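Q: I am attaching a structure below and will ask some questions about it afterwards.
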Amino acid sequence: MTPSTILAPSLEDEVEPRVADFYRRALRALDEAGIPFLVGGAFAQACYTGIRRSTKDLDLFIRREDYERIAQVALAHGWRTEMTFPHWLGKVYDGQEFIDLIFNSGNGLMPVDARWFHGNCRADVLGVSVCVANVEDCLVSKAFIMERERYDGGDIAHLLQVNAQRLDWPGLLERFGAHWRVLLAHLTLFGYIYPAERDHVPGWVMTMLMGRLAGELRATEAPGDNVCAGTLLSREQFLHDIERLGYVDGRLTPASTMTPEDIAVWTEAIPARAEAQGGKPPD
């Protein structure tokens, strides 16, 4: 895709009118303030795949350094802001309705930086012309979400089914970096889900990744660190490994920007834990 590509209109009928009006006013307010943002989530998914589904929020990718400016704009319009999780997520509230301000991934691996804002397509979202997160960034943001209550693999398969033949594959490989096994897992599943469309993924990509896998299998020495990288995929399902079995939390390696304090807050917000303590997990 090129930056001039105009994507399909997104989710006008799937959002309640009052909520859509809040989103619309917020998009226009940020645009008029000159604050860069990218639309993601269900709205971007609809733009890139044509799959339309109702959604309870609007996801905006922002740079962390722009959060305070957004908070000022929100205050001027009578909206409330909250730094829900300081390592990756803030929110803008209009009553009970909210917009997610995403400046990192929940595992701290993928901060939103300047490269997210290059070559973006535009789309008509709720009647407002906006920039949409690139397909590659949508893929990266979803690839590590493998919780018990949420798995975004289906979204990735649909993004690939429609867009695989025009992705920036070298850039995508660079984005995954040392986490290439996660990309390989999704690409392998894509070939299982759509066997007649396996060739949509360039052969050189699969050959390169399979070559890396073969090289690791031939290695005579195992990695020295006793790390469980499962916590980069699920904040809940590998707590047993780090709390009982002595594994090093993958979020405390240089790969992630998270601190022990970030991890503690993020862990306490796990729905089952929050509800057990009589609270309500953040939306």
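Just remember, in the structure tokens the first chain shown is A, the second B, etc., residues are 1-based per chain, and ligands are 1-based in the order shown.
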What's the 7 Å shell around Asp94 (chain A), counting only C-alpha atoms, without same-chain residues fewer than 2 positions away, as number ranges by chain?
A: A: 79-80, 92, 96-98
Q: Please extract the residues of region 44-254 of chain A with a backbone DSSP assignment of alpha helix (DSSP H) and present them as number ranges by chain.
A: A: 44-49, 67-76, 135-143, 153-163, 169-176, 180-193, 203-218, 239-243
Q: What does the distance from CA of Leu27 (chain A) to CA of Gly171 (chain A) come to in Å, to one decimal?
A: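 Separation between CA of Leu27 (chain A) and CA of Gly171 (chain A): 28.4 Å.
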Q: Go ahead and compute the interatomic distance for CA of Asp249 (chain A) and CA of Ile263 (chain A), in Å to one decimal.
A: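 CA of Asp249 (chain A) sits 9.6 Å away from CA of Ile263 (chain A).
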Q: With the cut-off set at 7 Å and counting only C-alpha atoms, tabulate each residue of region 61-116 of chain A with an atom at most that distance from an atom of region 257-261 of chain A, showing the nearest atom pair and its distance in Å to one decimal, ordered by chain and increasing number, as a Markdown table.
A:
```
| residue | atom | partner | partner_atom | distance |
| --- | --- | --- | --- | --- |
| A:His87 | CA | A:Met258 | CA | 6.5 |
| A:Gly108 | CA | A:Thr257 | CA | 4.8 |
| A:Leu109 | CA | A:Thr257 | CA | 6.5 |
```
Q: In region 32-260 of chain A, what's strand (DSSP E) per DSSP? Answer as a ChimeraX atom specification?
A: /A:38-39,58-61,80-85,89-94,97-102,122-125,128-131,227-228,248-249
Q: Given the selection you just returned, output its residues as a file containing C-alpha atoms, formatted as a tab-separated table (two decimals), in the first residue's frame.
A:
```
chain	number	residue	atom	x	y	z
A	38	LEU	CA	-2.81	6.47	14.37
A	39	VAL	CA	-6.09	4.58	14.48
A	58	LEU	CA	-11.31	3.24	20.01
A	59	ASP	CA	-7.60	2.40	19.96
A	60	LEU	CA	-5.19	5.22	19.13
A	61	PHE	CA	-1.47	4.66	18.86
A	80	ARG	CA	-11.09	12.92	31.81
A	81	THR	CA	-7.74	11.25	31.20
A	82	GLU	CA	-6.06	8.44	33.11
A	83	MET	CA	-2.61	6.87	32.90
A	84	THR	CA	-4.04	3.40	33.43
A	85	PHE	CA	-0.81	1.46	33.03
A	89	LEU	CA	-1.61	2.56	28.14
A	90	GLY	CA	-3.59	5.68	28.97
A	91	LYS	CA	-7.28	6.46	28.49
A	92	VAL	CA	-9.58	9.35	27.67
A	93	TYR	CA	-13.03	9.13	29.25
A	94	ASP	CA	-16.34	10.74	28.39
A	97	GLU	CA	-17.03	5.60	27.35
A	98	PHE	CA	-13.32	5.65	26.66
A	99	ILE	CA	-10.55	5.81	24.10
A	100	ASP	CA	-7.35	3.82	24.58
A	101	LEU	CA	-4.09	5.71	24.11
A	102	ILE	CA	-1.49	3.06	23.34
A	122	ARG	CA	-5.67	7.36	5.36
A	123	ALA	CA	-9.21	6.19	6.01
A	124	ASP	CA	-12.62	7.66	6.69
A	125	VAL	CA	-13.29	6.65	10.29
A	128	VAL	CA	-13.21	11.84	9.91
A	129	SER	CA	-10.21	11.45	7.63
A	130	VAL	CA	-7.42	9.95	9.76
A	131	CYS	CA	-4.14	8.08	9.46
A	227	VAL	CA	14.31	-17.43	30.86
A	228	CYS	CA	10.60	-18.02	30.40
A	248	VAL	CA	13.60	-15.51	34.85
A	249	ASP	CA	10.65	-13.37	33.71
```
Q: Which residues are close to Ile70 (chain A), i.e. within 10 Å by only C-alpha atoms, leaving aside same-chain residues fewer than 5 positions away? Reply as a list in words.
A: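 Listed by chain and then number, they are Ala26, Ala29, Leu30, Ala33, Ile35, Pro36, Ile62, Glu65, Leu75, Ala76, Thr81, Val92 and Leu101 of chain A.
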Q: Would you output that residue set with N, CA, C and O atoms, as a short mmCIF file (atom, residue, chain, number, x, y, z; two decimals), in the first residue's frame?
A:
```
data_model
loop_
_atom_site.label_atom_id
_atom_site.label_comp_id
_atom_site.auth_asym_id
_atom_site.auth_seq_id
_atom_site.Cartn_x
_atom_site.Cartn_y
_atom_site.Cartn_z
N ALA A 26 -13.30 13.56 19.43
CA ALA A 26 -11.92 13.38 19.89
C ALA A 26 -10.94 13.33 18.72
O ALA A 26 -9.86 13.94 18.78
N ALA A 29 -10.53 16.81 17.46
CA ALA A 29 -9.80 17.66 18.40
C ALA A 29 -8.31 17.40 18.34
O ALA A 29 -7.49 18.34 18.33
N LEU A 30 -7.91 16.13 18.28
CA LEU A 30 -6.48 15.80 18.20
C LEU A 30 -5.89 16.25 16.87
O LEU A 30 -4.76 16.75 16.82
N ALA A 33 -5.37 19.95 16.93
CA ALA A 33 -4.26 20.30 17.81
C ALA A 33 -2.91 19.94 17.21
O ALA A 33 -1.86 20.27 17.79
N ILE A 35 -1.61 16.95 16.95
CA ILE A 35 -0.96 15.87 17.68
C ILE A 35 -1.02 14.60 16.83
O ILE A 35 -2.10 14.15 16.46
N PRO A 36 0.11 13.99 16.53
CA PRO A 36 0.09 12.78 15.69
C PRO A 36 -0.51 11.59 16.42
O PRO A 36 -0.22 11.34 17.59
N ILE A 62 -0.14 6.33 19.99
CA ILE A 62 0.48 7.64 20.17
C ILE A 62 1.90 7.44 20.66
O ILE A 62 2.27 6.35 21.14
N GLU A 65 5.54 10.67 24.59
CA GLU A 65 5.81 12.08 24.87
C GLU A 65 4.65 12.99 24.48
O GLU A 65 4.63 14.17 24.87
N LEU A 75 -8.92 17.80 28.56
CA LEU A 75 -9.42 18.66 29.62
C LEU A 75 -10.19 19.83 29.06
O LEU A 75 -11.26 20.21 29.58
N ALA A 76 -9.69 20.41 27.98
CA ALA A 76 -10.36 21.55 27.36
C ALA A 76 -11.73 21.18 26.81
O ALA A 76 -12.60 22.05 26.67
N THR A 81 -8.79 12.15 31.64
CA THR A 81 -7.74 11.25 31.20
C THR A 81 -7.20 10.46 32.39
O THR A 81 -7.33 10.88 33.54
N VAL A 92 -8.78 8.14 27.64
CA VAL A 92 -9.58 9.35 27.67
C VAL A 92 -11.02 8.93 27.89
O VAL A 92 -11.55 8.09 27.15
N LEU A 101 -5.28 5.05 24.64
CA LEU A 101 -4.09 5.71 24.11
C LEU A 101 -2.92 4.77 24.32
O LEU A 101 -2.43 4.60 25.43
#
```
Q: Would you list the contacts of region 172-187 of chain A as a list of chain:residue names, taking every protein, DNA or RNA residue within 9 Å and counting only C-alpha atoms, but skipping same-chain residues closer than 4 positions in sequence?
A: A:Met110, A:Glu136, A:Asp137, A:Leu139, A:Val140, A:Ala143, A:Phe144, A:Gly153, A:Ile156, A:Ala157, A:Leu160, A:Leu167, A:Asp168, A:Gly191, A:Tyr192, A:Arg198, A:Val201, A:Val205, A:Met206, A:Leu209, A:Met210, A:Arg212, A:Leu213, A:Ala255
Q: What's the separation between CA of Pro17 (chain A) and CA of Phe37 (chain A), in Å to one decimal place?
A: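 Computing the Euclidean distance for CA of Pro17 (chain A) and CA of Phe37 (chain A) yields 22.7 Å.
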